[in-house]
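J.: File name input_6.csv; file contents CSV, C-alpha atoms; full text below.
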```csv
chain,number,residue,atom,x,y,z
R,326,MET,CA,6.1,8.7,6.3
R,327,PHE,CA,4.2,10.7,3.7
R,328,VAL,CA,2.5,9.8,0.4
R,329,ALA,CA,4.7,12.3,-1.4
R,330,SER,CA,7.9,10.4,-0.5
R,331,ARG,CA,6.6,7.0,-1.6
R,332,MET,CA,4.4,7.7,-4.6
R,333,THR,CA,5.3,7.2,-8.3
R,334,LYS,CA,5.7,10.7,-9.7
R,335,HIS,CA,4.4,11.9,-13.1
R,336,PRO,CA,2.2,8.9,-13.8
R,337,VAL,CA,1.3,8.1,-17.4
R,338,SER,CA,-2.1,9.6,-18.3
R,339,VAL,CA,-4.3,10.4,-21.3
R,340,THR,CA,-6.7,13.3,-22.1
R,341,SER,CA,-10.4,12.8,-22.3
R,342,ASP,CA,-10.3,13.2,-26.1
R,343,THR,CA,-7.9,10.3,-26.6
R,344,THR,CA,-9.4,7.6,-28.8
R,345,ILE,CA,-10.0,4.2,-27.4
R,346,GLN,CA,-7.5,2.7,-29.8
R,347,GLN,CA,-4.8,5.1,-28.7
R,348,ALA,CA,-5.5,4.4,-25.1
R,349,ASP,CA,-5.5,0.7,-25.6
R,350,ARG,CA,-2.1,0.8,-27.2
R,351,ILE,CA,-0.7,2.9,-24.3
R,352,MET,CA,-2.1,0.5,-21.7
R,353,LYS,CA,-0.7,-2.6,-23.4
R,354,LYS,CA,2.7,-1.0,-24.0
R,355,ASN,CA,3.0,-0.1,-20.3
R,356,LYS,CA,1.1,-3.2,-19.0
R,357,PHE,CA,-1.4,-1.1,-17.2
R,358,HIS,CA,-4.9,-2.2,-16.1
R,359,ARG,CA,-6.0,1.3,-15.2
R,360,MET,CA,-5.2,4.8,-16.5
R,361,LEU,CA,-5.9,8.3,-15.3
R,362,VAL,CA,-7.6,10.9,-17.5
R,363,VAL,CA,-6.1,14.4,-17.1
R,364,ASP,CA,-7.2,17.5,-18.8
R,365,ASN,CA,-5.1,20.7,-18.4
R,366,GLY,CA,-3.4,19.2,-15.4
R,367,LYS,CA,-6.6,18.4,-13.6
R,368,LEU,CA,-7.9,14.9,-12.9
R,369,VAL,CA,-11.2,14.3,-14.6
R,370,GLY,CA,-11.6,10.5,-14.5
R,371,TYR,CA,-10.1,7.1,-15.0
R,372,PHE,CA,-10.9,4.0,-17.0
R,373,SER,CA,-9.7,0.3,-17.0
R,374,ASP,CA,-8.9,-2.3,-19.6
R,375,ARG,CA,-12.3,-3.8,-18.7
R,376,ASP,CA,-14.0,-0.6,-19.8
R,377,ILE,CA,-12.2,-0.8,-23.2
R,378,MET,CA,-13.2,-4.5,-23.6
R,379,ARG,CA,-16.8,-3.5,-22.8
R,380,VAL,CA,-17.0,-1.2,-25.9
R,381,ALA,CA,-14.7,-3.1,-28.2
R,382,PRO,CA,-16.2,-5.4,-30.9
R,383,SER,CA,-16.5,-9.1,-30.0
R,384,PRO,CA,-13.8,-11.5,-31.3
R,385,ALA,CA,-16.6,-13.2,-33.2
R,386,THR,CA,-17.5,-10.0,-35.1
R,387,THR,CA,-17.7,-10.1,-38.9
R,388,LEU,CA,-16.2,-6.6,-39.1
R,389,SER,CA,-12.9,-6.2,-40.9
R,390,LYS,CA,-9.8,-4.9,-39.1
R,391,PHE,CA,-10.2,-1.6,-40.9
R,392,GLU,CA,-13.8,-1.3,-39.8
R,393,ILE,CA,-12.9,-2.1,-36.2
R,394,ARG,CA,-10.1,0.5,-36.2
R,395,SER,CA,-12.6,3.0,-37.7
R,396,LEU,CA,-15.1,2.2,-35.0
R,397,LEU,CA,-12.7,2.5,-32.1
R,398,ASP,CA,-11.4,5.8,-33.5
R,399,LYS,CA,-14.9,7.3,-33.1
R,400,ILE,CA,-15.0,6.5,-29.4
R,401,SER,CA,-13.1,8.6,-27.0
R,402,VAL,CA,-11.9,8.0,-23.4
R,403,LYS,CA,-14.5,10.5,-22.2
R,404,ASP,CA,-17.2,8.1,-23.4
R,405,ILE,CA,-16.1,5.2,-21.1
R,406,MET,CA,-14.3,6.9,-18.2
R,407,HIS,CA,-15.5,7.0,-14.6
R,408,GLU,CA,-15.7,10.6,-13.4
R,409,LYS,CA,-15.9,9.9,-9.7
R,410,VAL,CA,-12.3,9.2,-8.6
R,411,ILE,CA,-11.1,8.6,-5.1
R,412,THR,CA,-7.8,10.5,-4.4
R,413,VAL,CA,-5.4,11.3,-1.7
R,414,ASN,CA,-3.4,14.5,-1.0
R,415,GLU,CA,0.4,14.4,-1.4
R,416,GLY,CA,0.7,15.6,2.2
R,417,ALA,CA,-1.2,12.7,3.6
R,418,THR,CA,0.5,10.0,5.6
R,419,LEU,CA,0.9,6.4,4.3
R,420,GLU,CA,-1.5,5.3,7.1
R,421,GLU,CA,-4.2,7.6,5.7
R,422,ALA,CA,-3.7,6.3,2.2
R,423,ALA,CA,-3.8,2.7,3.3
R,424,LEU,CA,-7.1,3.3,5.2
R,425,ILE,CA,-8.7,5.0,2.2
R,426,MET,CA,-7.7,2.1,0.0
R,427,TYR,CA,-9.0,-0.4,2.5
R,428,GLN,CA,-12.3,1.4,3.0
R,429,ASN,CA,-13.0,1.9,-0.7
R,430,LYS,CA,-11.5,-1.5,-1.8
R,431,VAL,CA,-9.1,0.0,-4.3
R,432,GLY,CA,-5.5,-1.0,-5.0
R,433,GLY,CA,-4.2,2.5,-5.8
R,434,LEU,CA,-4.9,6.2,-5.5
R,435,PRO,CA,-4.1,9.2,-7.7
R,436,VAL,CA,-2.1,11.7,-5.6
R,437,ILE,CA,-3.3,15.4,-5.8
R,438,SER,CA,-1.5,18.6,-4.8
R,439,ASP,CA,-3.1,21.3,-2.8
R,440,VAL,CA,-4.1,23.1,-6.0
R,441,GLY,CA,-5.7,20.0,-7.4
R,442,ALA,CA,-3.0,19.0,-9.9
R,443,VAL,CA,-2.1,15.3,-10.4
R,444,VAL,CA,1.4,14.8,-9.0
R,445,GLY,CA,1.6,11.0,-8.7
R,446,ILE,CA,0.0,7.7,-7.9
R,447,ILE,CA,0.4,5.5,-4.8
R,448,THR,CA,-0.5,1.8,-4.8
R,449,ALA,CA,-0.9,-0.9,-2.2
R,450,THR,CA,2.4,-2.4,-3.5
R,451,ASP,CA,4.2,0.9,-2.7
R,452,ILE,CA,2.8,0.8,0.9
R,453,LEU,CA,3.8,-2.9,1.2
R,454,LYS,CA,7.4,-2.1,0.1
R,455,THR,CA,7.5,0.7,2.6
R,456,PHE,CA,6.3,-1.6,5.4
R,457,ILE,CA,9.0,-4.1,4.6
R,458,LYS,CA,11.7,-1.4,4.5
R,459,VAL,CA,10.5,0.2,7.8
R,460,MET,CA,10.4,-3.1,9.5
R,461,GLY,CA,13.9,-3.9,8.3
R,462,LEU,CA,12.8,-7.4,7.3
R,463,ILE,CA,15.3,-7.9,4.4
R,464,GLY,CA,18.3,-7.3,6.7
R,465,GLY,CA,17.0,-9.9,9.2
R,466,LYS,CA,15.0,-9.4,12.4
R,467,THR,CA,13.9,-11.6,15.3
R,468,ARG,CA,10.3,-11.0,16.0
R,469,LEU,CA,8.8,-11.7,19.4
R,470,THR,CA,5.2,-11.7,20.4
R,471,VAL,CA,4.6,-11.0,24.2
R,472,GLU,CA,1.2,-11.2,25.8
R,473,VAL,CA,0.7,-8.4,28.3
R,474,ASP,CA,-2.0,-6.8,30.5
R,475,ASN,CA,-3.2,-3.3,29.6
R,476,LYS,CA,-1.6,-1.4,32.4
R,477,ILE,CA,0.7,1.6,32.9
R,478,GLY,CA,4.5,0.8,32.9
R,479,VAL,CA,4.4,-2.4,30.9
R,480,MET,CA,6.7,-1.1,28.1
R,481,ALA,CA,9.1,0.6,30.6
R,482,GLU,CA,9.5,-2.6,32.5
R,483,ILE,CA,10.0,-4.8,29.4
R,484,THR,CA,12.5,-2.5,27.8
R,485,LYS,CA,14.4,-2.4,31.1
R,486,ILE,CA,14.6,-6.2,31.2
R,487,PHE,CA,16.1,-6.2,27.7
R,488,ALA,CA,18.5,-3.3,28.4
R,489,ASP,CA,19.7,-5.0,31.7
R,490,ASN,CA,20.6,-8.0,29.6
R,491,GLY,CA,22.5,-6.1,26.9
R,492,VAL,CA,19.9,-6.5,24.2
R,493,ASN,CA,18.8,-3.6,22.0
R,494,ILE,CA,15.1,-3.4,20.9
R,495,ASP,CA,14.7,-2.2,17.3
R,496,SER,CA,11.0,-1.4,17.5
R,497,PHE,CA,7.7,-2.0,19.3
R,498,ILE,CA,4.1,-2.5,18.0
R,499,THR,CA,1.1,-3.0,20.3
R,500,CYS,CA,-1.9,-5.0,19.1
R,501,ARG,CA,-5.2,-5.2,21.0
R,502,HIS,CA,-5.8,-8.9,21.8
R,503,LYS,CA,-8.8,-9.9,24.0
R,504,ASN,CA,-10.0,-9.6,27.6
R,505,ASN,CA,-8.2,-6.2,28.0
R,506,ARG,CA,-4.9,-7.8,27.0
R,507,TYR,CA,-2.4,-6.8,24.3
R,508,GLU,CA,0.1,-8.6,22.1
R,509,LEU,CA,3.3,-6.6,22.2
R,510,VAL,CA,5.4,-7.3,19.0
R,511,ILE,CA,9.1,-6.7,19.6
R,512,ARG,CA,11.7,-6.7,16.8
R,513,LEU,CA,15.4,-7.3,17.6
R,514,ASP,CA,18.4,-7.0,15.3
R,515,ASP,CA,19.3,-10.6,14.4
R,516,ARG,CA,18.9,-13.1,17.2
R,517,PRO,CA,21.1,-12.2,20.2
R,518,GLU,CA,22.7,-14.8,22.6
R,519,GLY,CA,20.9,-15.4,25.8
R,520,LEU,CA,17.5,-14.8,24.5
R,521,GLU,CA,16.0,-17.9,26.1
R,522,ASP,CA,17.2,-16.5,29.5
R,523,ILE,CA,15.3,-13.2,28.8
R,524,PHE,CA,12.2,-15.2,28.0
R,525,LYS,CA,12.4,-16.8,31.5
R,526,ILE,CA,12.8,-13.4,33.1
R,527,LEU,CA,9.9,-12.0,31.2
R,528,ASP,CA,7.8,-14.9,32.3
R,529,SER,CA,8.7,-14.4,35.9
R,530,HIS,CA,7.3,-10.9,35.6
R,531,GLY,CA,4.1,-12.1,34.1
R,532,TYR,CA,5.0,-11.4,30.5
R,533,LYS,CA,4.6,-14.6,28.4
R,534,VAL,CA,6.4,-14.9,25.1
R,535,ILE,CA,3.9,-16.7,22.9
R,536,HIS,CA,5.8,-16.6,19.6
R,537,SER,CA,9.3,-16.1,18.3
R,538,VAL,CA,10.6,-16.2,14.7
R,539,LYS,CA,13.6,-15.1,12.7
R,540,ILE,CA,12.5,-13.1,9.5
R,541,GLY,CA,14.7,-12.2,6.6
```
Could you write out this file's structure as structure tokens?

T.:
Amino acid sequence: MFVASRMTKHPVSVTSDTTIQQADRIMKKNKFHRMLVVDNGKLVGYFSDRDIMRVAPSPATTLSKFEIRSLLDKISVKDIMHEKVITVNEGATLEEAALIMYQNKVGGLPVISDVGAVVGIITATDILKTFIKVMGLIGGKTRLTVEVDNKIGVMAEITKIFADNGVNIDSFITCRHKNNRYELVIRLDDRPEGLEDIFKILDSHGYKVIHSVKIG
């Protein structure tokens, strides 16, 4: 799947000449913690609610509300924004976006088109929702973890065992374990009858089922 199909399109943004007071109202109204700064369709920075708090008067100030508003109206977003923004292209895969977030320890990325225009935003929550949907977890799955050796033909032999016993495999994921062994995660629709018999057959072929659980 690609970022373009899972991102939030047309994210709320402000221009760099927006006052801090205006930006603060927009963030509170939309319950945002971060906002993008876009000038003429181009991303020029971002800022957070913490950045606003950093320049706002202390609650203990002796300034009047009028004086506070007057002060905040003199400070623009460009005075507090961060100009270095980590982005992702709309044509990137979700895996690429997830890796960028992980490597840079961020919870979301502005999405940029090939011409540099801001077209959306993708968050860790969007990727998690996609993971749950792709895994079909809400509809209910039986998840098996099978420990196998790293050798040619393992998947072919295991899929044949399930097929010979009339059980359809929904999906596979392989995870490197240790000592040149892998954990093979198998998802099945619901929990078919005769599954314990299949476990015994797998074990007789050297494939040990080390975990089984119904999810969803």

J.: Could you give me, as a list of chain:residue names, the residues within 12 Å of R:Ile351, counting all atoms listed in the file and dropping anything in the same chain fewer than 3 positions from it?

T.: R:Val337, R:Ser338, R:Val339, R:Thr343, R:Thr344, R:Ile345, R:Gln346, R:Gln347, R:Ala348, R:Lys354, R:Asn355, R:Lys356, R:Phe357, R:His358, R:Arg359, R:Met360, R:Leu361, R:Ser373, R:Asp374

J.: How many Å lie between atom CA of R:Gln428 and atom CA of R:Glu408, rounded to one decimal?

T.: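 Those two atoms sit 19.1 Å apart.
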
J.: R:Gly478, R:Gly491, R:Gly441, R:Gly464: which is nearest R:Lys539, counting all atoms listed in the file?

T.: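 Nearest to R:Lys539: R:Gly464.
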
J.: Just want the 12 Å neighbourhood of R:Asp522, counted on all atoms listed in the file, with same-chain residues fewer than 5 positions away dropped. Output as a ChimeraX atom specification.

T.: /R:486-487,489-492,517,527-529,534

J.: Can you work out which one of R:Leu520, R:Leu368, R:Ile494, R:Ile447 has the shortest atom-to-atom distance to R:Ala422, counting all atoms listed in the file?

T.: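 Counting all atoms listed in the file, the residue closest to R:Ala422 is R:Ile447.
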
J.: Atom CA of R:Val436 and atom CA of R:Met352 are how many Å apart?

T.: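 Distance between the two atoms: 19.6 Å.
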
J.: Please list as a list of chain:residue names every residue within 10 Å of stretch 432-435 of chain R, counting all atoms listed in the file and excluding residues in the same chain fewer than 4 positions away.

T.: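 Non-adjacent residues within range: R:Met332, R:Thr333, R:Pro336, R:Arg359, R:Met360, R:Leu361, R:Leu368, R:Tyr371, R:Val410, R:Ile411, R:Thr412, R:Val413, R:Asn414, R:Glu415, R:Ala422, R:Ala423, R:Ile425, R:Met426, R:Tyr427, R:Val443, R:Val444, R:Gly445, R:Ile446, R:Ile447, R:Thr448, R:Ala449, R:Thr450, R:Asp451, R:Ile452.
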
J.: Rounded to one decimal in Å, what is the spacing between atom CA of R:Glu472 and atom CA of R:Thr484?

T.: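 Pair atom CA of R:Glu472 / atom CA of R:Thr484 returns 14.4 Å.
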
J.: With all atoms listed in the file as the atoms that count, which of R:Lys503, R:Arg516, R:Arg468, R:Lys485 lies nearest to R:Ile535?

T.: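 Closest residue, counting all atoms listed in the file: R:Arg468.
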
J.: Looking at R:Asn505, R:Asp342, R:Lys454, R:Val369, which one is nearest to R:Asp398, with distances taken over only C-alpha atoms?

T.: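 Looking only at the distances to R:Asp398, the closest residue turns out to be R:Asp342.
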
J.: Sort by chain and increasing residue number a table of all residues of stretch 351-465 of chain R within 12 Å of stretch 507-513 of chain R, each with its closest pair of atoms and their distance in Å to one decimal, counting all atoms listed in the file, and write it as CSV.

T.:
```
residue,atom,partner,partner_atom,distance
R:Val459,CA,R:Arg512,CA,11.4
R:Met460,CA,R:Arg512,CA,8.2
R:Gly461,CA,R:Arg512,CA,9.2
R:Leu462,CA,R:Arg512,CA,9.6
R:Gly464,CA,R:Leu513,CA,11.3
R:Gly465,CA,R:Leu513,CA,8.9
```

J.: Save C-alpha atoms of stretch 419-498 of chain R from the block above as a PDB file, in the first residue's frame.

T.:
```
ATOM      1  CA  LEU R 419       3.662   2.641   3.990  1.00  0.00           C
ATOM      2  CA  GLU R 420       6.707   0.585   4.942  1.00  0.00           C
ATOM      3  CA  GLU R 421       8.981   3.442   3.867  1.00  0.00           C
ATOM      4  CA  ALA R 422       6.914   5.960   5.832  1.00  0.00           C
ATOM      5  CA  ALA R 423       6.960   3.751   8.929  1.00  0.00           C
ATOM      6  CA  LEU R 424      10.750   3.369   8.697  1.00  0.00           C
ATOM      7  CA  ILE R 425      11.258   7.137   8.367  1.00  0.00           C
ATOM      8  CA  MET R 426       9.071   7.734  11.442  1.00  0.00           C
ATOM      9  CA  TYR R 427      10.936   5.085  13.406  1.00  0.00           C
ATOM     10  CA  GLN R 428      14.400   6.310  12.444  1.00  0.00           C
ATOM     11  CA  ASN R 429      13.574   9.936  13.206  1.00  0.00           C
ATOM     12  CA  LYS R 430      11.376   9.259  16.257  1.00  0.00           C
ATOM     13  CA  VAL R 431       8.382  11.212  14.921  1.00  0.00           C
ATOM     14  CA  GLY R 432       4.692  10.329  15.031  1.00  0.00           C
ATOM     15  CA  GLY R 433       3.710  11.801  11.677  1.00  0.00           C
ATOM     16  CA  LEU R 434       5.018  13.058   8.349  1.00  0.00           C
ATOM     17  CA  PRO R 435       3.872  15.751   5.926  1.00  0.00           C
ATOM     18  CA  VAL R 436       3.245  14.202   2.515  1.00  0.00           C
ATOM     19  CA  ILE R 437       4.782  16.006  -0.461  1.00  0.00           C
ATOM     20  CA  SER R 438       4.011  15.661  -4.165  1.00  0.00           C
ATOM     21  CA  ASP R 439       6.675  15.335  -6.861  1.00  0.00           C
ATOM     22  CA  VAL R 440       6.559  19.116  -7.383  1.00  0.00           C
ATOM     23  CA  GLY R 441       6.994  19.834  -3.675  1.00  0.00           C
ATOM     24  CA  ALA R 442       3.412  20.731  -2.798  1.00  0.00           C
ATOM     25  CA  VAL R 443       1.881  19.615   0.521  1.00  0.00           C
ATOM     26  CA  VAL R 444      -0.860  17.114  -0.314  1.00  0.00           C
ATOM     27  CA  GLY R 445      -1.473  15.395   3.016  1.00  0.00           C
ATOM     28  CA  ILE R 446      -0.174  14.060   6.289  1.00  0.00           C
ATOM     29  CA  ILE R 447       0.419  10.456   7.382  1.00  0.00           C
ATOM     30  CA  THR R 448       0.620   9.454  11.041  1.00  0.00           C
ATOM     31  CA  ALA R 449       1.606   6.391  13.033  1.00  0.00           C
ATOM     32  CA  THR R 450      -2.095   5.938  13.795  1.00  0.00           C
ATOM     33  CA  ASP R 451      -2.884   5.783  10.055  1.00  0.00           C
ATOM     34  CA  ILE R 452      -0.274   3.053   9.623  1.00  0.00           C
ATOM     35  CA  LEU R 453      -1.593   1.129  12.641  1.00  0.00           C
ATOM     36  CA  LYS R 454      -5.156   1.282  11.253  1.00  0.00           C
ATOM     37  CA  THR R 455      -3.891  -0.055   7.933  1.00  0.00           C
ATOM     38  CA  PHE R 456      -2.002  -2.871   9.672  1.00  0.00           C
ATOM     39  CA  ILE R 457      -5.166  -3.934  11.522  1.00  0.00           C
ATOM     40  CA  LYS R 458      -7.217  -3.797   8.320  1.00  0.00           C
ATOM     41  CA  VAL R 459      -4.673  -5.706   6.229  1.00  0.00           C
ATOM     42  CA  MET R 460      -4.352  -8.358   8.916  1.00  0.00           C
ATOM     43  CA  GLY R 461      -8.144  -8.700   8.980  1.00  0.00           C
ATOM     44  CA  LEU R 462      -8.044  -8.685  12.779  1.00  0.00           C
ATOM     45  CA  ILE R 463     -11.454  -7.128  13.391  1.00  0.00           C
ATOM     46  CA  GLY R 464     -13.188  -9.904  11.446  1.00  0.00           C
ATOM     47  CA  GLY R 465     -11.430 -12.563  13.523  1.00  0.00           C
ATOM     48  CA  LYS R 466      -8.307 -14.586  12.774  1.00  0.00           C
ATOM     49  CA  THR R 467      -6.497 -17.547  14.254  1.00  0.00           C
ATOM     50  CA  ARG R 468      -2.801 -16.755  14.526  1.00  0.00           C
ATOM     51  CA  LEU R 469      -0.252 -19.561  14.661  1.00  0.00           C
ATOM     52  CA  THR R 470       3.478 -19.241  15.274  1.00  0.00           C
ATOM     53  CA  VAL R 471       5.521 -22.108  13.852  1.00  0.00           C
ATOM     54  CA  GLU R 472       9.262 -22.460  14.433  1.00  0.00           C
ATOM     55  CA  VAL R 473      11.103 -23.601  11.314  1.00  0.00           C
ATOM     56  CA  ASP R 474      14.626 -24.012   9.955  1.00  0.00           C
ATOM     57  CA  ASN R 475      15.898 -21.620   7.301  1.00  0.00           C
ATOM     58  CA  LYS R 476      15.812 -23.979   4.322  1.00  0.00           C
ATOM     59  CA  ILE R 477      14.338 -24.145   0.849  1.00  0.00           C
ATOM     60  CA  GLY R 478      10.853 -25.665   0.555  1.00  0.00           C
ATOM     61  CA  VAL R 479       9.579 -24.942   4.080  1.00  0.00           C
ATOM     62  CA  MET R 480       6.649 -22.788   3.016  1.00  0.00           C
ATOM     63  CA  ALA R 481       5.704 -25.142   0.196  1.00  0.00           C
ATOM     64  CA  GLU R 482       5.606 -28.138   2.542  1.00  0.00           C
ATOM     65  CA  ILE R 483       3.639 -26.326   5.259  1.00  0.00           C
ATOM     66  CA  THR R 484       1.056 -24.921   2.840  1.00  0.00           C
ATOM     67  CA  LYS R 485       0.599 -28.422   1.379  1.00  0.00           C
ATOM     68  CA  ILE R 486      -0.101 -29.843   4.863  1.00  0.00           C
ATOM     69  CA  PHE R 487      -2.856 -27.272   5.418  1.00  0.00           C
ATOM     70  CA  ALA R 488      -4.261 -27.707   1.898  1.00  0.00           C
ATOM     71  CA  ASP R 489      -4.335 -31.520   2.235  1.00  0.00           C
ATOM     72  CA  ASN R 490      -6.420 -31.056   5.380  1.00  0.00           C
ATOM     73  CA  GLY R 491      -8.859 -28.609   3.782  1.00  0.00           C
ATOM     74  CA  VAL R 492      -7.664 -25.505   5.626  1.00  0.00           C
ATOM     75  CA  ASN R 493      -7.066 -22.255   3.775  1.00  0.00           C
ATOM     76  CA  ILE R 494      -4.162 -20.031   4.855  1.00  0.00           C
ATOM     77  CA  ASP R 495      -5.038 -16.345   4.850  1.00  0.00           C
ATOM     78  CA  SER R 496      -1.477 -14.992   5.048  1.00  0.00           C
ATOM     79  CA  PHE R 497       2.143 -15.671   6.023  1.00  0.00           C
ATOM     80  CA  ILE R 498       4.808 -13.567   7.708  1.00  0.00           C
TER      81      ILE R 498
END
```
